[in-house]
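Here's model-v9.cif, which has mmCIF, C-alpha atoms:
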```cif
data_target
#
loop_
_atom_site.label_atom_id
_atom_site.label_comp_id
_atom_site.auth_asym_id
_atom_site.auth_seq_id
_atom_site.Cartn_x
_atom_site.Cartn_y
_atom_site.Cartn_z
CA MET A 1 146.59 109.87 110.87
CA VAL A 2 148.01 106.36 111.42
CA THR A 3 144.52 104.90 111.54
CA GLY A 4 143.72 106.48 108.20
CA ILE A 5 146.90 105.11 106.63
CA ILE A 6 146.21 101.57 107.84
CA LEU A 7 142.59 101.71 106.68
CA SER A 8 143.72 102.97 103.28
CA LEU A 9 146.19 100.10 102.95
CA ILE A 10 143.49 97.60 103.94
CA ALA A 11 141.11 99.09 101.36
CA LEU A 12 143.85 98.94 98.71
CA ALA A 13 144.54 95.29 99.55
CA PHE A 14 140.89 94.34 99.01
CA VAL A 15 140.79 96.33 95.76
CA LEU A 16 143.81 94.36 94.50
CA ILE A 17 141.97 91.13 95.32
CA VAL A 18 139.05 92.30 93.18
CA ILE A 19 141.23 93.24 90.19
CA GLU A 20 143.52 90.20 90.42
CA ASP A 21 142.53 89.08 86.90
CA ILE A 22 143.50 92.49 85.51
CA ILE A 23 146.85 93.01 87.23
CA HIS A 24 147.79 89.31 87.23
CA VAL A 25 149.25 89.49 90.73
CA ASN A 26 148.34 86.59 92.97
CA LYS A 27 146.03 87.65 95.81
CA ALA A 28 148.08 85.66 98.32
CA LYS A 29 151.06 87.93 97.62
CA THR A 30 149.15 91.20 97.93
CA THR A 31 147.22 90.30 101.09
CA LEU A 32 150.34 88.98 102.81
CA PHE A 33 152.27 92.13 101.86
CA PHE A 34 149.64 94.59 103.09
CA GLY A 35 148.70 92.47 106.11
CA THR A 36 152.24 92.44 107.47
CA LEU A 37 152.82 96.08 106.48
CA CYS A 38 149.80 97.24 108.50
CA TRP A 39 151.09 95.54 111.64
CA ILE A 40 154.63 96.90 111.16
CA ILE A 41 153.17 100.43 110.93
CA ALA A 42 151.13 99.76 114.09
CA PHE A 43 154.37 98.96 115.95
CA ILE A 44 156.35 101.92 114.59
CA PHE A 45 153.52 104.43 115.09
CA PRO A 46 151.45 103.09 118.02
CA ILE A 47 147.70 103.61 117.64
CA HIS A 48 146.00 105.54 120.46
CA GLY A 49 149.31 105.66 122.33
CA GLN A 50 149.40 101.91 122.93
CA SER A 51 152.57 100.39 124.33
CA PRO A 52 154.58 97.88 122.25
CA GLU A 53 153.58 95.20 124.79
CA THR A 54 149.87 95.84 124.17
CA ILE A 55 150.29 95.69 120.40
CA GLN A 56 152.38 92.53 120.77
CA HIS A 57 149.59 90.96 122.82
CA GLU A 58 147.03 91.76 120.12
CA LEU A 59 149.33 90.43 117.40
CA ASP A 60 149.95 87.24 119.37
CA HIS A 61 146.19 86.73 119.63
CA ASN A 62 145.82 87.30 115.88
CA ILE A 63 148.71 84.94 115.08
CA LEU A 64 147.17 82.25 117.32
CA GLU A 65 143.91 82.41 115.33
CA ILE A 66 145.86 82.24 112.07
CA ALA A 67 148.04 79.34 113.20
CA THR A 68 145.04 77.36 114.41
CA LEU A 69 143.24 77.74 111.10
CA TRP A 70 146.42 77.22 109.06
CA LEU A 71 147.25 73.92 110.76
CA PHE A 72 143.66 72.74 110.57
CA LEU A 73 143.55 73.50 106.85
CA MET A 74 146.88 71.78 106.31
CA ALA A 75 145.64 68.59 107.98
CA ALA A 76 142.31 68.50 106.14
CA MET A 77 143.86 69.36 102.76
CA THR A 78 146.47 66.61 103.12
CA PHE A 79 143.75 63.99 103.54
CA VAL A 80 141.88 65.33 100.50
CA ALA A 81 145.09 65.63 98.43
CA TYR A 82 145.88 61.96 99.02
CA LEU A 83 142.36 60.69 98.25
CA ASN A 84 142.18 62.89 95.15
CA SER A 85 145.52 61.76 93.78
CA LYS A 86 144.48 58.13 94.20
CA GLY A 87 141.22 58.78 92.35
CA PHE A 88 139.27 57.66 95.41
CA ILE A 89 136.74 60.51 95.33
CA GLN A 90 136.22 60.19 91.57
CA ASN A 91 135.65 56.45 91.92
CA LEU A 92 133.17 57.05 94.72
CA VAL A 93 131.23 59.62 92.68
CA GLN A 94 131.16 57.30 89.67
CA ARG A 95 129.76 54.42 91.72
CA VAL A 96 127.18 56.42 93.68
CA MET A 97 125.88 58.75 90.96
CA PRO A 98 123.78 57.59 88.00
CA LYS A 99 125.33 57.52 84.51
CA GLN A 100 123.61 60.81 83.77
CA ILE A 101 121.63 63.38 85.71
CA SER A 102 119.98 66.68 84.83
CA GLU A 103 121.92 69.80 85.72
CA ARG A 104 118.96 71.01 87.77
CA LYS A 105 118.79 67.82 89.89
CA LEU A 106 122.55 67.91 90.30
CA MET A 107 122.27 71.46 91.67
CA PHE A 108 119.88 70.36 94.43
CA LEU A 109 121.96 67.25 95.09
CA VAL A 110 125.18 69.27 95.49
CA GLY A 111 123.44 71.80 97.76
CA GLY A 112 122.01 69.06 99.95
CA PHE A 113 125.33 67.23 100.15
CA ALA A 114 127.26 70.38 101.12
CA PHE A 115 124.62 71.33 103.71
CA LEU A 116 124.52 67.90 105.35
CA PHE A 117 128.28 67.40 105.29
CA SER A 118 128.93 70.78 106.91
CA SER A 119 126.41 69.82 109.59
CA ILE A 120 128.44 66.78 110.63
CA SER A 121 131.90 68.22 110.03
CA ASP A 122 133.68 71.56 109.90
CA ASN A 123 133.18 74.08 107.08
CA VAL A 124 136.71 73.66 105.77
CA THR A 125 136.43 69.90 105.30
CA ALA A 126 132.90 70.16 103.88
CA THR A 127 134.06 72.73 101.32
CA LEU A 128 137.09 70.73 100.24
CA ILE A 129 135.10 67.49 99.77
CA SER A 130 132.16 69.20 98.02
CA LEU A 131 134.51 71.01 95.63
CA ALA A 132 136.41 67.80 94.93
CA VAL A 133 133.16 66.11 93.93
CA VAL A 134 132.02 68.95 91.63
CA MET A 135 135.43 69.52 90.04
CA SER A 136 135.70 65.83 89.20
CA LEU A 137 132.73 66.29 86.82
CA LYS A 138 134.64 68.63 84.46
CA LEU A 139 131.80 71.13 84.13
CA ASP A 140 131.66 74.24 81.98
CA GLY A 141 133.32 77.25 83.66
CA LYS A 142 130.13 79.32 84.08
CA LYS A 143 128.20 76.38 85.44
CA LEU A 144 131.04 75.46 87.77
CA ILE A 145 130.82 78.97 89.27
CA LYS A 146 127.12 78.44 90.01
CA TYR A 147 127.69 75.08 91.67
CA THR A 148 130.59 76.52 93.68
CA THR A 149 128.45 79.49 94.76
CA LEU A 150 125.82 77.09 96.06
CA ILE A 151 128.45 75.05 97.90
CA ILE A 152 129.75 78.15 99.71
CA PHE A 153 126.26 79.22 100.79
CA ALA A 154 125.17 75.68 101.72
CA VAL A 155 128.32 75.01 103.75
CA ASN A 156 127.89 78.25 105.72
CA SER A 157 124.20 77.45 106.27
CA GLY A 158 124.77 73.85 107.32
CA GLY A 159 126.73 74.52 110.48
CA VAL A 160 124.87 77.59 111.75
CA SER A 161 122.54 75.61 114.04
CA LEU A 162 125.30 73.59 115.73
CA ILE A 163 127.78 74.82 118.32
CA THR A 164 130.42 72.69 116.61
CA GLY A 165 129.50 73.93 113.15
CA ASP A 166 130.33 77.62 113.45
CA VAL A 167 132.61 79.53 115.81
CA THR A 168 130.19 82.45 116.20
CA THR A 169 127.35 80.06 117.07
CA LEU A 170 129.54 78.60 119.80
CA MET A 171 130.46 82.08 121.09
CA ILE A 172 126.81 83.13 121.34
CA PHE A 173 125.90 79.84 123.04
CA LEU A 174 128.72 80.12 125.59
CA ALA A 175 127.56 83.66 126.38
CA ASP A 176 124.18 82.15 127.40
CA LYS A 177 122.30 84.12 124.75
CA VAL A 178 120.69 81.02 123.20
CA THR A 179 120.26 77.34 124.06
CA ILE A 180 120.83 74.19 122.02
CA GLY A 181 117.06 73.90 121.56
CA HIS A 182 116.89 77.46 120.23
CA LEU A 183 119.70 76.81 117.74
CA LEU A 184 118.01 73.72 116.32
CA LEU A 185 115.16 75.98 115.22
CA LEU A 186 117.53 77.43 112.61
CA ILE A 187 117.70 74.16 110.66
CA ALA A 188 114.39 74.70 108.84
CA PRO A 189 115.05 78.27 107.58
CA ALA A 190 118.62 77.33 106.66
CA VAL A 191 117.40 74.38 104.57
CA VAL A 192 114.72 76.48 102.87
CA SER A 193 117.25 79.19 101.94
CA VAL A 194 119.61 76.62 100.38
CA ILE A 195 116.76 75.09 98.38
CA ALA A 196 115.72 78.58 97.23
CA LEU A 197 119.26 79.40 96.07
CA ALA A 198 119.58 76.06 94.28
CA GLY A 199 116.31 76.79 92.48
CA MET A 200 117.41 80.26 91.39
CA LEU A 201 120.87 79.16 90.24
CA SER A 202 119.44 76.26 88.26
CA VAL A 203 117.17 78.50 86.15
CA GLY A 204 118.13 78.03 82.51
CA MET A 205 120.23 74.94 83.26
CA ASN A 206 118.33 72.39 81.18
CA GLY A 207 121.24 70.24 80.13
CA THR A 208 122.33 66.83 81.32
CA VAL A 209 125.54 65.91 83.06
CA VAL A 210 126.91 62.67 81.70
CA PHE A 211 129.43 60.88 83.85
CA GLU A 212 132.28 59.72 81.69
CA GLU A 213 132.91 56.02 81.75
CA GLN A 214 136.35 55.62 83.17
CA ALA A 215 138.23 52.50 83.91
CA ASN A 216 137.82 52.01 87.60
CA ARG A 217 141.18 52.31 89.23
CA ARG A 218 141.82 49.55 91.67
CA VAL A 219 141.05 50.72 95.16
CA GLU A 220 143.92 49.79 97.40
CA LYS A 221 143.48 48.64 100.96
CA THR A 222 145.60 51.60 102.02
CA ASP A 223 143.23 54.06 100.29
CA ILE A 224 140.17 52.59 102.01
CA THR A 225 141.94 52.64 105.36
CA ILE A 226 142.92 56.30 104.99
CA ALA A 227 139.37 57.20 103.91
CA VAL A 228 138.06 55.50 107.06
CA ILE A 229 140.61 57.38 109.19
CA PHE A 230 139.50 60.64 107.53
CA LEU A 231 135.82 60.02 108.28
CA SER A 232 136.65 58.84 111.81
CA THR A 233 138.66 62.01 112.35
CA ILE A 234 135.69 64.14 111.25
CA PHE A 235 133.22 62.37 113.55
CA GLY A 236 135.81 62.15 116.33
CA THR A 237 136.35 65.90 116.08
CA LEU A 238 132.63 66.51 116.52
CA ALA A 239 132.23 64.04 119.42
CA LEU A 240 135.33 65.07 121.38
CA SER A 241 134.51 68.75 120.96
CA VAL A 242 130.99 68.31 122.35
CA LEU A 243 131.78 65.79 125.11
CA TYR A 244 135.19 66.94 126.33
CA SER A 245 135.80 70.35 124.69
CA VAL A 246 138.85 68.99 122.84
CA PRO A 247 139.95 71.61 120.25
CA PRO A 248 139.13 70.45 116.70
CA LEU A 249 142.69 71.26 115.62
CA LEU A 250 144.12 68.77 118.10
CA THR A 251 141.83 65.97 116.92
CA PHE A 252 142.59 66.62 113.24
CA LEU A 253 146.34 66.67 113.79
CA PHE A 254 145.99 63.40 115.69
CA GLY A 255 144.06 61.96 112.74
CA LEU A 256 146.75 63.17 110.34
CA SER A 257 149.51 61.56 112.42
CA LEU A 258 147.48 58.33 112.52
CA MET A 259 147.18 58.47 108.74
CA PHE A 260 150.96 58.77 108.39
CA LEU A 261 151.69 55.91 110.79
CA VAL A 262 149.09 53.50 109.41
CA ALA A 263 150.04 54.21 105.79
CA GLN A 264 153.70 53.73 106.62
CA PHE A 265 152.87 50.32 108.08
CA LEU A 266 150.66 49.27 105.13
CA MET A 267 153.16 50.47 102.52
CA ARG A 268 156.22 48.93 104.12
CA LYS A 269 156.37 45.99 101.70
CA LYS A 270 155.37 47.92 98.59
CA ASP A 271 157.70 49.48 96.07
CA VAL A 272 156.31 53.01 96.06
CA ASN A 273 158.12 56.08 94.78
CA LYS A 274 156.10 58.46 96.89
CA LYS A 275 156.02 58.44 100.67
CA ILE A 276 152.75 59.19 102.41
CA ILE A 277 154.10 62.34 104.05
CA ASP A 278 154.98 63.76 100.62
CA TYR A 279 151.31 64.49 99.96
CA ILE A 280 151.65 67.56 102.19
CA ARG A 281 153.55 69.11 99.27
CA GLU A 282 150.44 68.83 97.06
CA ILE A 283 148.52 71.29 99.23
CA GLU A 284 147.66 74.61 97.60
CA TYR A 285 149.92 76.81 99.70
CA ASP A 286 148.54 79.86 97.91
CA THR A 287 145.31 79.15 99.77
CA LEU A 288 147.08 79.03 103.12
CA LEU A 289 149.10 82.19 102.49
CA PHE A 290 145.94 83.98 101.34
CA PHE A 291 144.34 83.02 104.65
CA VAL A 292 147.30 84.41 106.57
CA GLY A 293 147.17 87.71 104.68
CA VAL A 294 143.40 88.16 104.99
CA LEU A 295 143.37 87.39 108.72
CA LEU A 296 146.26 89.79 109.32
CA LEU A 297 144.26 92.50 107.55
CA VAL A 298 141.16 91.72 109.62
CA GLY A 299 143.27 91.78 112.78
CA ALA A 300 144.58 95.20 111.79
CA MET A 301 140.99 96.42 111.33
CA LYS A 302 140.20 95.22 114.81
CA GLU A 303 143.33 96.95 116.13
CA VAL A 304 142.34 100.37 114.76
CA GLY A 305 138.91 100.06 116.37
CA VAL A 306 136.77 99.70 113.25
CA LEU A 307 134.76 96.80 114.64
CA LYS A 308 133.62 98.75 117.69
CA GLN A 309 131.95 101.29 115.42
CA PHE A 310 129.55 98.66 114.12
CA THR A 311 127.87 98.33 117.53
CA HIS A 312 126.56 101.89 117.20
CA LEU A 313 124.19 100.52 114.56
CA TYR A 314 121.97 99.25 117.38
CA GLU A 315 121.52 102.80 118.65
CA ILE A 316 119.94 103.73 115.32
CA LEU A 317 117.98 100.64 114.29
CA ALA A 318 115.86 98.02 116.01
CA PRO A 319 117.80 94.76 116.65
CA GLU A 320 115.87 92.86 113.95
CA TYR A 321 117.04 95.30 111.25
CA ALA A 322 120.50 95.85 112.75
CA ASN A 323 121.15 92.09 112.88
CA TYR A 324 120.28 91.75 109.20
CA ILE A 325 122.79 94.48 108.29
CA MET A 326 125.43 93.02 110.62
CA GLY A 327 125.15 89.77 108.71
CA LEU A 328 125.90 91.62 105.48
CA LEU A 329 128.81 93.44 107.13
CA SER A 330 130.25 90.08 108.20
CA ALA A 331 130.93 89.45 104.50
CA ALA A 332 133.59 92.16 104.59
CA VAL A 333 134.73 91.77 108.21
CA ASP A 334 135.56 88.54 110.03
CA ASN A 335 132.43 87.48 111.89
CA VAL A 336 134.34 86.24 114.93
CA PRO A 337 135.70 89.64 116.12
CA LEU A 338 132.42 91.21 114.96
CA THR A 339 130.48 88.86 117.25
CA ALA A 340 132.97 89.38 120.06
CA ALA A 341 132.57 93.16 119.77
CA LEU A 342 128.79 92.87 119.97
CA LEU A 343 128.91 90.52 122.97
CA LYS A 344 131.28 92.86 124.81
CA ALA A 345 129.05 95.84 124.03
CA ASP A 346 126.27 94.06 125.97
CA ILE A 347 123.56 94.98 123.46
CA ALA A 348 120.09 94.50 124.92
CA MET A 349 118.45 91.71 122.89
CA ASP A 350 116.16 88.84 123.80
CA ALA A 351 116.83 85.21 122.86
CA ARG A 352 114.75 85.50 119.67
CA GLN A 353 116.83 88.44 118.47
CA TRP A 354 120.08 86.68 119.34
CA LEU A 355 118.84 83.75 117.24
CA THR A 356 118.47 85.98 114.18
CA PHE A 357 121.93 87.42 114.86
CA THR A 358 123.34 83.87 114.98
CA TYR A 359 121.91 83.10 111.55
CA ALA A 360 123.00 86.47 110.13
CA THR A 361 126.65 86.23 111.15
CA GLY A 362 126.86 82.54 110.25
CA VAL A 363 125.44 82.87 106.74
CA GLY A 364 125.97 86.57 105.90
CA GLY A 365 129.63 85.96 105.08
CA SER A 366 128.45 84.15 101.95
CA MET A 367 127.56 87.48 100.32
CA LEU A 368 131.19 88.10 99.33
CA ILE A 369 133.75 85.52 98.23
CA ILE A 370 136.20 86.76 100.89
CA GLY A 371 133.54 86.74 103.61
CA SER A 372 134.00 83.16 104.78
CA ALA A 373 136.55 80.39 104.96
CA ALA A 374 134.49 78.41 102.45
CA GLY A 375 134.64 81.27 99.95
CA ILE A 376 138.36 81.80 100.28
CA ILE A 377 139.07 78.10 99.83
CA ALA A 378 136.78 77.94 96.79
CA MET A 379 138.39 80.99 95.16
CA SER A 380 141.82 79.44 95.58
CA LYS A 381 140.83 76.05 94.13
CA VAL A 382 138.44 77.02 91.32
CA LYS A 383 140.30 79.11 88.72
CA GLU A 384 137.07 80.39 87.13
CA LEU A 385 135.83 81.76 90.46
CA THR A 386 136.97 85.33 91.11
CA PHE A 387 135.69 88.18 93.25
CA VAL A 388 133.82 89.63 90.26
CA SER A 389 132.37 86.35 88.94
CA TYR A 390 131.06 85.55 92.42
CA LEU A 391 129.66 89.06 92.75
CA ARG A 392 127.50 88.39 89.69
CA GLN A 393 125.56 85.89 91.81
CA SER A 394 124.99 88.49 94.56
CA VAL A 395 121.29 89.04 93.81
CA TYR A 396 120.55 85.34 94.20
CA LEU A 397 122.66 85.17 97.35
CA LEU A 398 120.96 88.21 98.88
CA ILE A 399 117.49 86.77 98.20
CA ALA A 400 118.44 83.40 99.72
CA TYR A 401 120.04 85.10 102.75
CA THR A 402 116.93 87.24 103.25
CA ILE A 403 114.65 84.18 103.04
CA GLY A 404 116.75 82.42 105.66
CA TYR A 405 116.91 85.49 107.90
CA VAL A 406 113.13 86.04 107.79
CA GLY A 407 112.69 82.34 108.47
CA SER A 408 114.96 82.56 111.52
CA TYR A 409 112.93 85.53 112.76
CA PHE A 410 109.67 83.58 112.61
CA ALA A 411 111.35 80.46 113.97
CA GLY A 412 112.12 82.51 117.06
CA PHE A 413 108.40 82.73 117.87
CA MET A 414 108.46 78.97 118.53
CA MET A 415 110.61 79.62 121.61
CA THR A 416 107.54 80.69 123.55
CA MET A 417 105.36 77.80 122.40
#
```

So that I can check it, write out the structure of this file as structure tokens.
Amino acid sequence: MVTGIILSLIALAFVLIVIEDIIHVNKAKTTLFFGTLCWIIAFIFPIHGQSPETIQHELDHNILEIATLWLFLMAAMTFVAYLNSKGFIQNLVQRVMPKQISERKLMFLVGGFAFLFSSISDNVTATLISLAVVMSLKLDGKKLIKYTTLIIFAVNSGGVSLITGDVTTLMIFLADKVTIGHLLLLIAPAVVSVIALAGMLSVGMNGTVVFEEQANRRVEKTDITIAVIFLSTIFGTLALSVLYSVPPLLTFLFGLSLMFLVAQFLMRKKDVNKKIIDYIREIEYDTLLFFVGVLLLVGAMKEVGVLKQFTHLYEILAPEYANYIMGLLSAAVDNVPLTAALLKADIAMDARQWLTFTYATGVGGSMLIIGSAAGIIAMSKVKELTFVSYLRQSVYLLIAYTIGYVGSYFAGFMMTM
């Protein structure tokens, strides 16, 4: 009874996200409302006779995941907010890009940039920077949706072959299901799938993007210094995570604190109305609250035992087919608990099959706008991008995902060579 009520509330919450444009109620408000309500019900009417202590333990674990992501987002978004407000990113785009470029070439350029950047940094940072670049071009709404769709898919594809690029990849690696060498085999199919999606999305885009001549704003020494700190933080996060297992959150918060201290020192003699720490207020807090609500809902799904049911899929289908479907399911359910459930179930799969599962859960979340951190960030920052408008690109996304998945399957044969 209680399980049914919670599942109904979760379903209603996702429906309200879909019809946000119709009801004009911000998705951050609805997800936060239903996310907290589901957990309150779980405490008042314990599921499966669980004690309050057990439910509290599960909630604490859920809150820890939320807090980690929330703080990480806050740090990354503060860097981007500062550089955006100073026109640093726009200036950089104007200097690097030609005066005009075809929309088709721009599509491949954006996809390649998002893919590469997510390979050397985290998905959140890669999404924020890629979106900042595209949004600075003032594109038509429909075209902006296509470029944003590519960014989401490319960002999710870029980090799938690195243990620092995707949490589920790291989980599967730590469980000794695949090796670093095996994961590197995913680079080729991931690249091909991004190129395929860029090609499909660019069909009919025969126009030219002209970069408006703008008076170059003077780049301050402070802006350059903060940009360097930002890049150093990204690379430092990657290096410290690999070499010493330092949590990425810790490194990014350190970088943020360094930004505050250095900027304070550089600005000490300047007459500025805005203090460096004030840029935290420019963060889109709707994005952060939306994250909190969605992750609370996903945690509630895990609490009622929905995720465990997915493992029964392997009793019906061969792992190659089940993995493909699990990737699609990860678009509706957080791929981290989904991967954890599968690892705990001790499904019998060889390294080649685990490789396809790694690709599926890493990229499959791109199928729905709410299926990945990149998608949620994009939906919060790009007004034209909604659940429905993104869903219109689903055929292209499914084809690209299938190409990548088949590629990962054949890449697995190279393990024995």

(Q) Taking the file as I've supplied it (selection: the PyMOL selection byres ((chain A and resi 48) around 12)), which residues are included? Please answer as a list in words. (A) Met1, Val2, Thr3, Ala42, Phe43, Phe45, Pro46, Ile47, Gly49, Gln50, Ser51, Pro52, Thr54, Ile55, Glu303, Val304 and Gly305 of chain A

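The smallest atom-to-atom distance between A:Val382 and any of A:Trp39, A:Phe357, A:Phe113, A:Tyr147, using only C-alpha atoms, is found for A:Tyr147.
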
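We find atom CA of A:Asp140 and atom CA of A:Lys381 to be spaced 15.3 Å apart.
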
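Residue neighbourhood of A:Asn323, excluding near-sequence residues (fewer than 3 positions): Pro319, Glu320, Met326, Gly327, Gln353, Thr356, Phe357 and Ala360 of chain A, at 8 Å, using all atoms listed in the file.
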
Given the file shown, enumerate the residues that the PyMOL selection byres ((chain A and resi 186-194) around 10) captures and present them as a PDB file with C-alpha atoms, in the coordinates of the input.
```pdb
ATOM      1  CA  PHE A 108     119.880  70.360  94.430  1.00  0.00           C
ATOM      2  CA  GLY A 111     123.440  71.800  97.760  1.00  0.00           C
ATOM      3  CA  GLY A 112     122.010  69.060  99.950  1.00  0.00           C
ATOM      4  CA  ALA A 114     127.260  70.380 101.120  1.00  0.00           C
ATOM      5  CA  PHE A 115     124.620  71.330 103.710  1.00  0.00           C
ATOM      6  CA  LEU A 116     124.520  67.900 105.350  1.00  0.00           C
ATOM      7  CA  SER A 119     126.410  69.820 109.590  1.00  0.00           C
ATOM      8  CA  LEU A 150     125.820  77.090  96.060  1.00  0.00           C
ATOM      9  CA  ILE A 151     128.450  75.050  97.900  1.00  0.00           C
ATOM     10  CA  PHE A 153     126.260  79.220 100.790  1.00  0.00           C
ATOM     11  CA  ALA A 154     125.170  75.680 101.720  1.00  0.00           C
ATOM     12  CA  VAL A 155     128.320  75.010 103.750  1.00  0.00           C
ATOM     13  CA  ASN A 156     127.890  78.250 105.720  1.00  0.00           C
ATOM     14  CA  SER A 157     124.200  77.450 106.270  1.00  0.00           C
ATOM     15  CA  GLY A 158     124.770  73.850 107.320  1.00  0.00           C
ATOM     16  CA  GLY A 159     126.730  74.520 110.480  1.00  0.00           C
ATOM     17  CA  VAL A 160     124.870  77.590 111.750  1.00  0.00           C
ATOM     18  CA  SER A 161     122.540  75.610 114.040  1.00  0.00           C
ATOM     19  CA  LEU A 162     125.300  73.590 115.730  1.00  0.00           C
ATOM     20  CA  GLY A 181     117.060  73.900 121.560  1.00  0.00           C
ATOM     21  CA  HIS A 182     116.890  77.460 120.230  1.00  0.00           C
ATOM     22  CA  LEU A 183     119.700  76.810 117.740  1.00  0.00           C
ATOM     23  CA  LEU A 184     118.010  73.720 116.320  1.00  0.00           C
ATOM     24  CA  LEU A 185     115.160  75.980 115.220  1.00  0.00           C
ATOM     25  CA  ILE A 195     116.760  75.090  98.380  1.00  0.00           C
ATOM     26  CA  ALA A 196     115.720  78.580  97.230  1.00  0.00           C
ATOM     27  CA  LEU A 197     119.260  79.400  96.070  1.00  0.00           C
ATOM     28  CA  ALA A 198     119.580  76.060  94.280  1.00  0.00           C
ATOM     29  CA  GLY A 199     116.310  76.790  92.480  1.00  0.00           C
ATOM     30  CA  MET A 200     117.410  80.260  91.390  1.00  0.00           C
ATOM     31  CA  LEU A 355     118.840  83.750 117.240  1.00  0.00           C
ATOM     32  CA  THR A 356     118.470  85.980 114.180  1.00  0.00           C
ATOM     33  CA  THR A 358     123.340  83.870 114.980  1.00  0.00           C
ATOM     34  CA  TYR A 359     121.910  83.100 111.550  1.00  0.00           C
ATOM     35  CA  VAL A 363     125.440  82.870 106.740  1.00  0.00           C
ATOM     36  CA  LEU A 397     122.660  85.170  97.350  1.00  0.00           C
ATOM     37  CA  ILE A 399     117.490  86.770  98.200  1.00  0.00           C
ATOM     38  CA  ALA A 400     118.440  83.400  99.720  1.00  0.00           C
ATOM     39  CA  TYR A 401     120.040  85.100 102.750  1.00  0.00           C
ATOM     40  CA  THR A 402     116.930  87.240 103.250  1.00  0.00           C
ATOM     41  CA  ILE A 403     114.650  84.180 103.040  1.00  0.00           C
ATOM     42  CA  GLY A 404     116.750  82.420 105.660  1.00  0.00           C
ATOM     43  CA  TYR A 405     116.910  85.490 107.900  1.00  0.00           C
ATOM     44  CA  VAL A 406     113.130  86.040 107.790  1.00  0.00           C
ATOM     45  CA  GLY A 407     112.690  82.340 108.470  1.00  0.00           C
ATOM     46  CA  SER A 408     114.960  82.560 111.520  1.00  0.00           C
ATOM     47  CA  TYR A 409     112.930  85.530 112.760  1.00  0.00           C
ATOM     48  CA  PHE A 410     109.670  83.580 112.610  1.00  0.00           C
ATOM     49  CA  ALA A 411     111.350  80.460 113.970  1.00  0.00           C
ATOM     50  CA  GLY A 412     112.120  82.510 117.060  1.00  0.00           C
TER      51      GLY A 412
END
```

(Q) Let me make sure I understand: among A:Ala239, A:Leu73, A:Ile283, A:Leu296, which one has the smallest atom-to-atom distance to A:Thr125 if we use all atoms listed in the file? (A) A:Leu73

Q | Long-range neighbours of A:Leu128 as number ranges by chain, 12 Å cut-off, only C-alpha atoms, 5 positions minimum in chain | A | A: 73-81, 83-84, 89, 114, 117-118, 121-123, 133-135, 148, 151-152, 155, 283-284, 287, 373-382

Q: Can you give me, as JSON, numbers by chain, the residues this file yields under the PyMOL selection byres ((chain A and resi 171) around 12)?
A: {"A": [160, 162, 163, 164, 165, 166, 167, 168, 169, 170, 172, 173, 174, 175, 176, 177, 178, 179, 335, 336, 337, 338, 339, 340, 341, 342, 343, 344, 354, 357, 358, 361, 362]}

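Taking only C-alpha atoms into account, A:Lys29 lies nearest to A:Tyr285 out of the set A:Tyr321, A:Tyr285, A:Phe310, A:Ile276.
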
Q) Within 6 Å of stretch 224-237 of chain A, counting all atoms listed in the file, which residues qualify if same-chain residues fewer than 4 places away don't, as a ChimeraX atom specification? A) /A:121,241,248,251,255

Output for the residues just chosen: C-alpha atoms as a CSV table (one decimal), in the frame of the given file:
```csv
chain,number,residue,atom,x,y,z
A,121,SER,CA,131.9,68.2,110.0
A,241,SER,CA,134.5,68.8,121.0
A,248,PRO,CA,139.1,70.4,116.7
A,251,THR,CA,141.8,66.0,116.9
A,255,GLY,CA,144.1,62.0,112.7
```

Q: Find the residues with any atom within 10 Å of (121.8, 100.5, 120.8); use only C-alpha atoms and the coordinates as given in the file, and write the answer as an MDAnalysis selection string.
A: chainID A and resid 311:319 322 345:349

Q) By how many Å are atom CA of A:Ile66 and atom CA of A:Phe33 apart? A) 15.6 Å

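Between atom CA of A:Thr386 and atom CA of A:Trp70 lies a distance of 21.8 Å.
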
Please produce, as a tab-separated table, a per-residue contact table for stretch 263-327 of chain A versus stretch 11-26 of chain A (criterion: any atom at most 10 Å away, all atoms listed in the file considered), showing the nearest atom pair and its distance in Å to one decimal, sorted by chain then residue number.
```
residue	atom	partner	partner_atom	distance
A:Asp286	CA	A:Asn26	CA	8.4
A:Phe290	CA	A:Asn26	CA	9.1
A:Gly293	CA	A:Ala13	CA	9.5
A:Val294	CA	A:Phe14	CA	9.0
A:Leu297	CA	A:Ala13	CA	8.5
```

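Taking all atoms listed in the file into account, A:Pro247 lies nearest to A:Leu69 out of the set A:Asp223, A:Ile120, A:Gly365, A:Leu69.
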
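Shortest separation to A:Val203 among A:Arg95, A:Lys27, A:Lys302, A:Lys143 occurs at residue A:Lys143, atoms counted being only C-alpha atoms.
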
Q: Determine, counting only C-alpha atoms, which protein, DNA and RNA residues have an atom within 12 Å of an atom of A:Ser102; residues of the same chain fewer than 2 positions away are not included. Present the result as a PyMOL selection string.
A: chain A and resi 97-100+104-109+202+204-211
